[in-house]
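Visitor: Contents of protein24.json (JSON, C-alpha atoms and all ligand atoms):
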```
[["chain", "number", "residue", "atom", "x", "y", "z"],
["A", 256, "MET", "CA", 128.71, -147.53, -122.24],
["A", 257, "THR", "CA", 128.35, -146.53, -125.87],
["A", 258, "ALA", "CA", 125.04, -145.06, -126.93],
["A", 259, "GLU", "CA", 122.61, -146.62, -129.34],
["A", 260, "ILE", "CA", 122.62, -144.59, -132.55],
["A", 261, "ILE", "CA", 119.07, -143.56, -133.47],
["A", 262, "ASP", "CA", 118.70, -144.15, -137.21],
["A", 263, "GLY", "CA", 116.53, -141.25, -138.38],
["A", 264, "LYS", "CA", 117.25, -142.03, -141.99],
["A", 265, "ALA", "CA", 115.72, -145.50, -141.71],
["A", 266, "PHE", "CA", 112.76, -144.26, -139.63],
["A", 267, "ALA", "CA", 112.08, -141.49, -142.16],
["A", 268, "ALA", "CA", 112.17, -144.01, -145.03],
["A", 269, "GLY", "CA", 109.52, -146.06, -143.20],
["A", 270, "LEU", "CA", 107.40, -142.98, -142.61],
["A", 271, "ARG", "CA", 107.63, -141.98, -146.29],
["A", 272, "ALA", "CA", 106.56, -145.50, -147.31],
["A", 273, "GLN", "CA", 103.54, -145.18, -145.00],
["A", 274, "VAL", "CA", 102.69, -141.76, -146.47],
["A", 275, "GLY", "CA", 102.97, -143.29, -149.96],
["A", 276, "GLU", "CA", 100.41, -145.95, -149.02],
["A", 277, "GLU", "CA", 98.04, -143.31, -147.64],
["A", 278, "VAL", "CA", 98.38, -141.25, -150.82],
["A", 279, "ALA", "CA", 97.59, -144.32, -152.95],
["A", 280, "ALA", "CA", 94.52, -145.07, -150.81],
["A", 281, "LEU", "CA", 93.25, -141.45, -151.08],
["A", 282, "LYS", "CA", 93.55, -141.63, -154.86],
["A", 283, "ALA", "CA", 91.87, -145.03, -155.11],
["A", 284, "ARG", "CA", 88.98, -144.28, -152.74],
["A", 285, "HIS", "CA", 88.34, -140.58, -153.25],
["A", 286, "GLY", "CA", 90.16, -139.62, -156.46],
["A", 287, "LEU", "CA", 92.14, -137.19, -154.30],
["A", 288, "LYS", "CA", 95.79, -136.34, -155.02],
["A", 289, "PRO", "CA", 97.41, -134.38, -152.18],
["A", 290, "GLY", "CA", 99.39, -131.39, -153.43],
["A", 291, "LEU", "CA", 102.22, -129.40, -151.79],
["A", 292, "ALA", "CA", 103.24, -125.92, -152.95],
["A", 293, "VAL", "CA", 106.70, -124.70, -152.04],
["A", 294, "VAL", "CA", 107.64, -121.05, -152.43],
["A", 295, "LEU", "CA", 111.30, -120.04, -152.61],
["A", 296, "VAL", "CA", 112.28, -116.37, -152.74],
["A", 297, "GLY", "CA", 115.88, -115.76, -153.79],
["A", 298, "GLU", "CA", 118.77, -118.15, -154.25],
["A", 299, "ASP", "CA", 120.05, -119.03, -150.80],
["A", 300, "PRO", "CA", 122.11, -122.20, -151.52],
["A", 301, "ALA", "CA", 120.93, -124.17, -148.45],
["A", 302, "SER", "CA", 117.30, -123.28, -149.20],
["A", 303, "GLN", "CA", 117.71, -124.41, -152.80],
["A", 304, "VAL", "CA", 118.95, -127.81, -151.62],
["A", 305, "TYR", "CA", 116.00, -128.17, -149.18],
["A", 306, "VAL", "CA", 113.47, -127.16, -151.84],
["A", 307, "ARG", "CA", 114.88, -129.59, -154.39],
["A", 308, "ASN", "CA", 114.78, -132.44, -151.86],
["A", 309, "LYS", "CA", 111.23, -131.55, -150.83],
["A", 310, "ALA", "CA", 110.01, -131.53, -154.44],
["A", 311, "ARG", "CA", 111.69, -134.86, -155.24],
["A", 312, "GLN", "CA", 110.32, -136.64, -152.17],
["A", 313, "THR", "CA", 106.84, -135.17, -152.68],
["A", 314, "VAL", "CA", 106.69, -136.70, -156.16],
["A", 315, "GLU", "CA", 108.21, -139.98, -154.92],
["A", 316, "VAL", "CA", 105.30, -140.57, -152.52],
["A", 317, "GLY", "CA", 102.79, -139.87, -155.31],
["A", 318, "MET", "CA", 101.75, -136.33, -154.39],
["A", 319, "ALA", "CA", 101.64, -133.27, -156.64],
["A", 320, "SER", "CA", 104.49, -130.80, -156.20],
["A", 321, "PHE", "CA", 104.09, -127.14, -157.17],
["A", 322, "GLU", "CA", 107.25, -125.05, -157.07],
["A", 323, "HIS", "CA", 107.25, -121.26, -157.15],
["A", 324, "ARG", "CA", 110.65, -119.60, -157.45],
["A", 325, "LEU", "CA", 110.64, -115.84, -157.07],
["A", 326, "ASP", "CA", 113.36, -113.27, -157.56],
["A", 327, "VAL", "CA", 115.27, -112.13, -154.45],
["A", 328, "ALA", "CA", 113.89, -108.59, -154.98],
["A", 329, "THR", "CA", 110.23, -109.71, -155.06],
["A", 330, "PRO", "CA", 108.07, -107.12, -153.24],
["A", 331, "GLN", "CA", 106.07, -108.30, -150.24],
["A", 332, "ALA", "CA", 102.74, -107.54, -151.97],
["A", 333, "GLU", "CA", 103.61, -109.92, -154.79],
["A", 334, "LEU", "CA", 104.48, -112.73, -152.38],
["A", 335, "LEU", "CA", 101.26, -112.12, -150.42],
["A", 336, "ALA", "CA", 99.27, -112.26, -153.67],
["A", 337, "LEU", "CA", 100.85, -115.62, -154.51],
["A", 338, "VAL", "CA", 100.01, -116.97, -151.05],
["A", 339, "GLU", "CA", 96.40, -115.82, -151.52],
["A", 340, "ARG", "CA", 96.23, -117.61, -154.86],
["A", 341, "LEU", "CA", 97.58, -120.82, -153.31],
["A", 342, "ASN", "CA", 95.09, -120.49, -150.43],
["A", 343, "ARG", "CA", 92.26, -120.58, -152.98],
["A", 344, "ASP", "CA", 93.71, -123.34, -155.20],
["A", 345, "PRO", "CA", 91.81, -126.61, -154.53],
["A", 346, "GLU", "CA", 94.73, -128.70, -155.85],
["A", 347, "VAL", "CA", 97.04, -127.25, -153.20],
["A", 348, "HIS", "CA", 96.57, -128.81, -149.74],
["A", 349, "GLY", "CA", 99.84, -127.69, -148.20],
["A", 350, "ILE", "CA", 101.77, -124.42, -148.57],
["A", 351, "LEU", "CA", 105.36, -123.94, -147.45],
["A", 352, "VAL", "CA", 107.19, -120.65, -147.79],
["A", 353, "GLN", "CA", 110.88, -121.41, -147.43],
["A", 354, "LEU", "CA", 112.70, -119.41, -144.75],
["A", 355, "PRO", "CA", 114.70, -117.25, -144.43],
["A", 356, "LEU", "CA", 113.01, -114.59, -146.54],
["A", 357, "PRO", "CA", 114.84, -111.50, -147.88],
["A", 358, "ASP", "CA", 114.94, -108.36, -145.72],
["A", 359, "GLN", "CA", 112.23, -106.41, -147.60],
["A", 360, "ILE", "CA", 109.69, -109.02, -146.54],
["A", 361, "ASP", "CA", 107.95, -109.18, -143.16],
["A", 362, "THR", "CA", 108.19, -112.92, -142.41],
["A", 363, "ALA", "CA", 105.45, -112.97, -139.74],
["A", 364, "LYS", "CA", 103.03, -111.24, -142.08],
["A", 365, "VAL", "CA", 103.64, -113.78, -144.85],
["A", 366, "LEU", "CA", 103.39, -116.81, -142.54],
["A", 367, "ASP", "CA", 100.14, -115.50, -141.09],
["A", 368, "ALA", "CA", 98.69, -114.98, -144.59],
["A", 369, "ILE", "CA", 98.80, -118.75, -145.18],
["A", 370, "ASP", "CA", 95.47, -120.50, -144.61],
["A", 371, "PRO", "CA", 96.02, -122.28, -141.24],
["A", 372, "ALA", "CA", 94.45, -125.43, -142.73],
["A", 373, "LYS", "CA", 97.17, -125.47, -145.42],
["A", 374, "ASP", "CA", 99.99, -124.44, -143.08],
["A", 375, "VAL", "CA", 101.96, -127.69, -143.24],
["A", 376, "ASP", "CA", 104.95, -126.01, -141.55],
["A", 377, "GLY", "CA", 102.77, -125.24, -138.50],
["A", 378, "PHE", "CA", 104.23, -121.71, -138.26],
["A", 379, "HIS", "CA", 100.92, -119.77, -138.32],
["A", 380, "VAL", "CA", 99.99, -118.24, -134.95],
["A", 381, "ILE", "CA", 96.70, -120.15, -135.06],
["A", 382, "ASN", "CA", 98.57, -123.44, -135.25],
["A", 383, "ALA", "CA", 101.07, -122.35, -132.58],
["A", 384, "GLY", "CA", 98.10, -121.45, -130.35],
["A", 385, "LEU", "CA", 96.26, -124.71, -131.03],
["A", 386, "LEU", "CA", 99.42, -126.67, -130.17],
["A", 387, "ALA", "CA", 100.01, -124.64, -126.99],
["A", 388, "THR", "CA", 96.44, -125.31, -125.83],
["A", 389, "GLY", "CA", 96.55, -129.03, -126.65],
["A", 390, "GLN", "CA", 94.16, -128.86, -129.61],
["A", 391, "LYS", "CA", 94.37, -130.40, -133.07],
["A", 392, "ALA", "CA", 97.15, -128.39, -134.76],
["A", 393, "MET", "CA", 99.51, -128.61, -137.69],
["A", 394, "VAL", "CA", 102.73, -129.36, -135.80],
["A", 395, "PRO", "CA", 106.07, -127.97, -137.10],
["A", 396, "CYS", "CA", 107.93, -130.73, -138.93],
["A", 397, "THR", "CA", 111.29, -130.78, -137.14],
["A", 398, "PRO", "CA", 109.95, -131.04, -133.58],
["A", 399, "LEU", "CA", 107.33, -133.54, -134.78],
["A", 400, "GLY", "CA", 110.14, -135.67, -136.24],
["A", 401, "CYS", "CA", 112.12, -135.44, -132.96],
["A", 402, "TYR", "CA", 109.03, -136.43, -131.01],
["A", 403, "MET", "CA", 108.45, -139.50, -133.21],
["A", 404, "LEU", "CA", 112.06, -140.62, -132.70],
["A", 405, "LEU", "CA", 111.70, -140.19, -128.93],
["A", 406, "LYS", "CA", 108.43, -142.19, -128.85],
["A", 407, "GLU", "CA", 110.02, -144.93, -130.92],
["A", 408, "ARG", "CA", 113.06, -145.17, -128.65],
["A", 409, "ILE", "CA", 111.49, -144.59, -125.21],
["A", 410, "GLY", "CA", 107.76, -145.31, -125.50],
["A", 411, "ASP", "CA", 106.03, -143.66, -122.54],
["A", 412, "LEU", "CA", 107.69, -140.29, -121.82],
["A", 413, "SER", "CA", 105.57, -139.58, -118.76],
["A", 414, "GLY", "CA", 107.45, -138.06, -115.82],
["A", 415, "LEU", "CA", 110.78, -137.76, -117.61],
["A", 416, "GLU", "CA", 112.96, -134.65, -117.27],
["A", 417, "ALA", "CA", 113.29, -133.01, -120.68],
["A", 418, "VAL", "CA", 115.61, -130.12, -121.45],
["A", 419, "VAL", "CA", 115.25, -128.28, -124.75],
["A", 420, "VAL", "CA", 118.23, -126.04, -125.55],
["A", 421, "GLY", "CA", 116.99, -123.31, -127.89],
["A", 422, "ARG", "CA", 113.79, -121.27, -127.85],
["A", 423, "SER", "CA", 113.01, -120.69, -131.53],
["A", 424, "ASN", "CA", 109.42, -120.60, -132.77],
["A", 425, "ILE", "CA", 110.33, -123.25, -135.35],
["A", 426, "VAL", "CA", 111.90, -125.86, -133.07],
["A", 427, "GLY", "CA", 112.46, -125.05, -129.38],
["A", 428, "LYS", "CA", 109.02, -123.77, -128.39],
["A", 429, "PRO", "CA", 106.91, -126.34, -130.27],
["A", 430, "MET", "CA", 109.28, -129.11, -129.09],
["A", 431, "ALA", "CA", 108.66, -128.02, -125.49],
["A", 432, "GLN", "CA", 104.88, -128.08, -126.09],
["A", 433, "LEU", "CA", 104.99, -131.63, -127.48],
["A", 434, "LEU", "CA", 107.07, -132.88, -124.55],
["A", 435, "LEU", "CA", 104.77, -131.15, -122.06],
["A", 436, "GLN", "CA", 101.76, -132.83, -123.67],
["A", 437, "ALA", "CA", 103.57, -136.14, -123.27],
["A", 438, "ASN", "CA", 103.80, -135.42, -119.50],
["A", 439, "CYS", "CA", 107.50, -134.61, -119.37],
["A", 440, "THR", "CA", 108.84, -132.04, -116.93],
["A", 441, "VAL", "CA", 110.16, -129.52, -119.43],
["A", 442, "THR", "CA", 112.90, -126.90, -119.16],
["A", 443, "VAL", "CA", 113.57, -124.57, -122.08],
["A", 444, "ALA", "CA", 117.18, -123.41, -121.83],
["A", 445, "HIS", "CA", 118.84, -120.74, -123.98],
["A", 446, "SER", "CA", 121.84, -118.47, -124.32],
["A", 447, "ARG", "CA", 121.05, -116.61, -121.08],
["A", 448, "THR", "CA", 120.47, -119.73, -118.99],
["A", 449, "ARG", "CA", 122.68, -119.84, -115.91],
["A", 450, "ASP", "CA", 124.80, -122.99, -115.57],
["A", 451, "LEU", "CA", 123.66, -124.48, -118.87],
["A", 452, "PRO", "CA", 125.84, -127.60, -118.44],
["A", 453, "GLY", "CA", 124.26, -128.25, -115.02],
["A", 454, "VAL", "CA", 120.73, -127.79, -116.40],
["A", 455, "CYS", "CA", 121.47, -130.18, -119.29],
["A", 456, "ARG", "CA", 122.85, -132.80, -116.88],
["A", 457, "ARG", "CA", 119.37, -133.10, -115.33],
["A", 458, "ALA", "CA", 117.86, -134.25, -118.61],
["A", 459, "ASP", "CA", 116.60, -137.75, -119.34],
["A", 460, "ILE", "CA", 115.74, -136.26, -122.75],
["A", 461, "LEU", "CA", 118.11, -133.62, -124.09],
["A", 462, "VAL", "CA", 117.14, -131.79, -127.30],
["A", 463, "ALA", "CA", 119.76, -129.43, -128.74],
["A", 464, "ALA", "CA", 118.46, -126.85, -131.21],
["A", 465, "VAL", "CA", 120.73, -123.83, -131.04],
["A", 466, "GLY", "CA", 122.66, -123.84, -134.31],
["A", 467, "ARG", "CA", 126.09, -123.75, -132.61],
["A", 468, "PRO", "CA", 128.50, -126.46, -133.72],
["A", 469, "GLU", "CA", 129.25, -129.04, -131.00],
["A", 470, "MET", "CA", 128.23, -126.71, -128.18],
["A", 471, "VAL", "CA", 126.76, -129.46, -125.99],
["A", 472, "ARG", "CA", 129.72, -131.39, -124.58],
["A", 473, "GLY", "CA", 129.89, -134.98, -123.36],
["A", 474, "ASP", "CA", 130.02, -133.95, -119.71],
["A", 475, "TRP", "CA", 126.71, -132.04, -120.11],
["A", 476, "VAL", "CA", 124.94, -135.35, -120.73],
["A", 477, "LYS", "CA", 123.38, -137.43, -117.97],
["A", 478, "PRO", "CA", 124.49, -141.08, -118.20],
["A", 479, "GLY", "CA", 121.87, -143.05, -120.14],
["A", 480, "ALA", "CA", 120.04, -139.96, -121.46],
["A", 481, "THR", "CA", 118.44, -139.82, -124.90],
["A", 482, "VAL", "CA", 120.05, -137.03, -126.91],
["A", 483, "ILE", "CA", 118.33, -135.48, -129.93],
["A", 484, "ASP", "CA", 120.59, -133.24, -132.01],
["A", 485, "VAL", "CA", 118.68, -130.85, -134.26],
["A", 486, "GLY", "CA", 121.73, -128.86, -135.38],
["A", 487, "ILE", "CA", 123.10, -129.01, -138.92],
["A", 488, "ASN", "CA", 126.28, -126.93, -139.01],
["A", 489, "ARG", "CA", 128.83, -126.78, -141.81],
["A", 490, "ILE", "CA", 132.35, -126.41, -140.44],
["A", 491, "PRO", "CA", 135.71, -126.30, -142.23],
["A", 492, "ALA", "CA", 137.40, -129.70, -142.49],
["A", 493, "PRO", "CA", 140.97, -129.05, -143.69],
["A", 494, "GLU", "CA", 141.83, -132.70, -142.94],
["A", 495, "ARG", "CA", 139.60, -133.61, -145.91],
["A", 496, "GLY", "CA", 141.46, -131.26, -148.21],
["A", 497, "GLU", "CA", 141.65, -127.60, -149.06],
["A", 498, "GLY", "CA", 138.29, -125.78, -148.77],
["A", 499, "LYS", "CA", 136.41, -128.91, -147.65],
["A", 500, "HIS", "CA", 133.61, -128.87, -145.09],
["A", 501, "ARG", "CA", 131.81, -131.38, -142.93],
["A", 502, "LEU", "CA", 128.45, -131.39, -141.16],
["A", 503, "VAL", "CA", 128.28, -131.45, -137.38],
["A", 504, "GLY", "CA", 125.40, -131.10, -134.96],
["A", 505, "ASP", "CA", 124.94, -128.93, -131.88],
["A", 506, "VAL", "CA", 126.25, -131.84, -129.79],
["A", 507, "ALA", "CA", 129.88, -133.04, -129.61],
["A", 508, "PHE", "CA", 128.89, -136.47, -130.92],
["A", 509, "GLU", "CA", 131.97, -138.54, -130.08],
["A", 510, "GLU", "CA", 132.00, -137.30, -126.48],
["A", 511, "ALA", "CA", 128.26, -137.57, -125.95],
["A", 512, "ARG", "CA", 127.94, -141.10, -127.35],
["A", 513, "GLU", "CA", 130.24, -142.34, -124.55],
["A", 514, "VAL", "CA", 127.73, -141.15, -121.95],
["A", 515, "ALA", "CA", 124.26, -141.15, -123.52],
["A", 516, "GLY", "CA", 121.90, -144.12, -123.75],
["A", 517, "ALA", "CA", 120.89, -143.15, -127.28],
["A", 518, "ILE", "CA", 121.79, -140.32, -129.62],
["A", 519, "THR", "CA", 120.86, -139.06, -133.10],
["A", 520, "PRO", "CA", 123.78, -138.64, -135.52],
["A", 521, "VAL", "CA", 124.34, -135.68, -137.86],
["A", 522, "PRO", "CA", 123.72, -136.26, -140.69],
["A", 523, "GLY", "CA", 121.18, -139.10, -140.70],
["A", 524, "GLY", "CA", 119.30, -138.33, -137.49],
["A", 525, "VAL", "CA", 116.68, -135.59, -137.25],
["A", 526, "GLY", "CA", 117.31, -134.12, -140.73],
["A", 527, "PRO", "CA", 115.57, -136.82, -142.82],
["A", 528, "MET", "CA", 112.60, -136.77, -140.42],
["A", 529, "THR", "CA", 111.75, -133.14, -141.22],
["A", 530, "ILE", "CA", 110.76, -133.70, -144.85],
["A", 531, "ALA", "CA", 109.05, -137.02, -144.03],
["A", 532, "CYS", "CA", 106.89, -135.15, -141.47],
["A", 533, "LEU", "CA", 106.17, -132.41, -144.03],
["A", 534, "LEU", "CA", 104.79, -135.06, -146.38],
["A", 535, "ALA", "CA", 102.76, -136.58, -143.54],
["A", 536, "ASN", "CA", 101.36, -133.13, -142.64],
["A", 537, "THR", "CA", 100.37, -132.57, -146.28],
["A", 538, "VAL", "CA", 98.40, -135.83, -146.32],
["A", 539, "THR", "CA", 96.73, -134.81, -143.05],
["A", 540, "ALA", "CA", 95.81, -131.42, -144.57],
["A", 541, "ALA", "CA", 94.40, -133.10, -147.70],
["A", 542, "CYS", "CA", 92.29, -135.50, -145.62],
["A", 543, "ARG", "CA", 90.90, -132.65, -143.50],
["A", 544, "ALA", "CA", 90.15, -130.56, -146.61],
["A", 545, "HIS", "CA", 88.26, -133.49, -148.08],
["A", 546, "GLY", "CA", 86.26, -133.88, -144.88],
["B", 1, "LIG", "N1", 114.09, -123.23, -143.52],
["B", 1, "LIG", "C1", 114.80, -124.15, -142.82],
["B", 1, "LIG", "N2", 113.98, -125.08, -142.31],
["B", 1, "LIG", "C2", 112.73, -124.75, -142.71],
["B", 1, "LIG", "C3", 111.46, -125.36, -142.51],
["B", 1, "LIG", "O1", 111.29, -126.38, -141.84],
["B", 1, "LIG", "N3", 110.41, -124.72, -143.09],
["B", 1, "LIG", "C4", 110.57, -123.59, -143.81],
["B", 1, "LIG", "N4", 109.48, -123.04, -144.33],
["B", 1, "LIG", "N5", 111.73, -123.01, -144.01],
["B", 1, "LIG", "C5", 112.80, -123.60, -143.46]]
```
Would you mind giving the structure from this file in structure tokens?
Ligand code: GUN

Guide:
Amino acid sequence: MTAEIIDGKAFAAGLRAQVGEEVAALKARHGLKPGLAVVLVGEDPASQVYVRNKARQTVEVGMASFEHRLDVATPQAELLALVERLNRDPEVHGILVQLPLPDQIDTAKVLDAIDPAKDVDGFHVINAGLLATGQKAMVPCTPLGCYMLLKERIGDLSGLEAVVVGRSNIVGKPMAQLLLQANCTVTVAHSRTRDLPGVCRRADILVAAVGRPEMVRGDWVKPGATVIDVGINRIPAPERGEGKHRLVGDVAFEEAREVAGAITPVPGGVGPMTIACLLANTVTAACRAHG
């Protein structure tokens, strides 16, 4: 059996179109233009690419985009002052501080300075707590995107065995919370898990979010399982020429697709969903702010 390839790129395009319609309706009915502020400290190349894509897509769906680029040596107090200003700005409904931040800055302190109502990344402890207790939260964009793809492919997730590999605050933990709320039996596996391949083989839903290229092998996948690959890893690709790279996920795609029922590709799977969900979260924040 060869797995169905889950087309995240197409799904994300549909979601962006829907967000665009909601933005148009908010403008027409309430004169409200949702606005997203993105803060980038330093010049990390990957972060610069993300921030550029976010800004472009924000404008494409009709929202206001505010970009703040700060020097890599920016003191923490200055960043906190900017966050405070954005918290008070009525034109800003969503605030995203791009991670990673430079070493002089205490990331937790900055994330927790963001008004939870504007925390479109869902990284504030208030939002993490609301999600963990099943209340109305801002949900982190990558796990939200994974969840939407799973719902689209499977429908009712109730009673399914889900294994999440990776326990980060950004992906693994919120992903586990979403699956638990959907009545899955959830295992969070990580680098210290004993017999990781055996644990993965139990999964009807396998989510890989570890940031290790092609770590999850084909024989870790239960036949017919739905595999969601969150990893985006750049590895050398000498076959493409000197100094060339290619993107691979955390799952050995060619092996896994022979076993799985459905699988997300890298690129074109989870990646495009993250920004689409960020835009959706910003519209949600604008609607809530407007009452
Ligand atoms: N860096 C990589 N991914 C993300 C993300 O989703 N949000 C933020 N703020 N920073 C990131």

Visitor: Kindly work out which residues sit at most 10 Å from ligand LIG 1 (chain B), using only C-alpha atoms and all ligand atoms, and give the list as a PyMOL selection string.

Guide: chain A and resi 293-295+301-302+305-306+350-356+366+374-378+395-398+425-426+526+529-530+532-533

Visitor: At a cut-off of 9 Å around the point (117.2, -145.0, -122.1) (file coordinates), what residues fall inside when counting only C-alpha atoms? I'd like the answer as an MDAnalysis selection string.

Guide: chainID A and resid 408:409 459:460 479:481 515:517

Visitor: Using all atoms listed in the file, find the one residue out of A:Leu435, A:Ala531, A:Leu386, A:Val482 that sits nearest to Arg512 in chain A.

Guide: A:Val482

Visitor: Around the point (93.4, -132.0, -144.5) in the file's coordinates, collect all residues with an atom within 10 Å, using all atoms listed in the file, and return them as a list in words.

Guide: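 The distance filter leaves exactly Pro289, His348, Gly349, Ala372, Lys373, Val375, Met393, Asn536, Thr537, Val538, Thr539, Ala540, Ala541, Cys542, Arg543, Ala544, His545 and Gly546 of chain A.
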
Visitor: Step by step, gather every atom of range 497-515 of chain A that the file lists, find the box along x, y and z that holds them, add 6 Å on each side, and finally give centre and edge lengths in Å to one decimal, as JSON.

Guide:
```
{"center_x": 133.0, "center_y": -134.1, "center_z": -135.5, "size_x": 29.4, "size_y": 28.6, "size_z": 39.1}
```

Visitor: Which neighbours of Leu461 in chain A fall inside 12 Å, counting only C-alpha atoms, when residues of the same chain fewer than 3 positions from it are skipped, and could you give them as a PyMOL selection string?

Guide: chain A and resi 401-402+405+415-421+427+430-431+434+439-444+451-452+454-458+464+471-473+475-485+505-506+511+515-519

Visitor: Record the distance separating CA of Ala328 in chain A and CA of Glu298 in chain A, expressed in Å with one decimal.

Guide: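 Computing the Euclidean distance for CA of Ala328 in chain A and CA of Glu298 in chain A yields 10.8 Å.
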
Visitor: How many Å lie between CA of Leu335 in chain A and CA of Val365 in chain A, rounded to one decimal?

Guide: 6.3 Å

Visitor: Please indicate the distance in Å from CA of Val296 in chain A to CA of Gln331 in chain A, rounded to one decimal place.

Guide: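 Rounded to one decimal, the two atoms are 10.5 Å apart.
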
Visitor: Please provide the set of residues having any atom within 8 Å of Ala310 in chain A, restricted to only C-alpha atoms, with same-chain residues fewer than 2 positions apart removed, written as a ChimeraX atom specification.

Guide: /A:293,306-308,312-314,320-322

Visitor: Create the file for the chosen residues now, containing C-alpha atoms and written as a PDB file, in the coordinates of the input.

Guide:
```
ATOM      1  CA  VAL A 293     106.700-124.700-152.040  1.00  0.00           C
ATOM      2  CA  VAL A 306     113.470-127.160-151.840  1.00  0.00           C
ATOM      3  CA  ARG A 307     114.880-129.590-154.390  1.00  0.00           C
ATOM      4  CA  ASN A 308     114.780-132.440-151.860  1.00  0.00           C
ATOM      5  CA  GLN A 312     110.320-136.640-152.170  1.00  0.00           C
ATOM      6  CA  THR A 313     106.840-135.170-152.680  1.00  0.00           C
ATOM      7  CA  VAL A 314     106.690-136.700-156.160  1.00  0.00           C
ATOM      8  CA  SER A 320     104.490-130.800-156.200  1.00  0.00           C
ATOM      9  CA  PHE A 321     104.090-127.140-157.170  1.00  0.00           C
ATOM     10  CA  GLU A 322     107.250-125.050-157.070  1.00  0.00           C
TER      11      GLU A 322
END
```

Visitor: Could you produce a table of the residues of range 310-409 of chain A lying within 12 Å of range 269-277 of chain A, with the nearest pair of atoms per residue and their separation in Å rounded to one decimal, using only C-alpha atoms, ordered by chain and increasing residue number, as CSV?

Guide:
```
residue,atom,partner,partner_atom,distance
A:Gln312,CA,A:Arg271,CA,8.4
A:Thr313,CA,A:Arg271,CA,9.4
A:Val314,CA,A:Gly275,CA,9.8
A:Glu315,CA,A:Gly275,CA,7.9
A:Val316,CA,A:Gly275,CA,4.4
A:Gly317,CA,A:Gly275,CA,6.4
A:Met318,CA,A:Gly275,CA,8.3
A:Gly400,CA,A:Leu270,CA,10.1
A:Met403,CA,A:Leu270,CA,10.1
A:Leu404,CA,A:Leu270,CA,11.2
```

Visitor: Given only C-alpha atoms as the basis, pick out the residue of A:Asn342, A:Gln359, A:Gln303, A:Ser413 nearest to Thr329 in chain A.

Guide: A:Gln359

Visitor: Closest to Asp361 in chain A among A:Val514, A:Leu325, A:Ala283, A:Ala332, using all atoms listed in the file?

Guide: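 Once distances to Asp361 in chain A are computed over all atoms listed in the file, the minimum belongs to A:Ala332.
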
Visitor: Write out as a PyMOL selection string each polymer residue whose atoms come within 6 Å of range 344-347 of chain A, counting all atoms listed in the file; drop sequence neighbours fewer than 3 positions from it.

Guide: chain A and resi 290-291+341

Visitor: Find the residue from A:Val278, A:Arg340, A:Ser446, A:Val462 that sits nearest to Asp370 in chain A; use all atoms listed in the file when measuring.

Guide: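 Of the candidates, the smallest distance to Asp370 in chain A is held by A:Arg340.
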
Visitor: From the list A:Leu287, A:Ala368, A:Ile261, A:Leu534, which residue is nearest Leu399 in chain A when using all atoms listed in the file?

Guide: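 For Leu399 in chain A, the nearest of the given residues is A:Leu534.
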
Visitor: Find, counting all atoms listed in the file, the residue in A:Val394, A:His379, A:Thr257, A:Asp299 that gets nearest to Asp326 in chain A.

Guide: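 Of A:Val394, A:His379, A:Thr257, A:Asp299, the one nearest Asp326 in chain A is A:Asp299, counting all atoms listed in the file.
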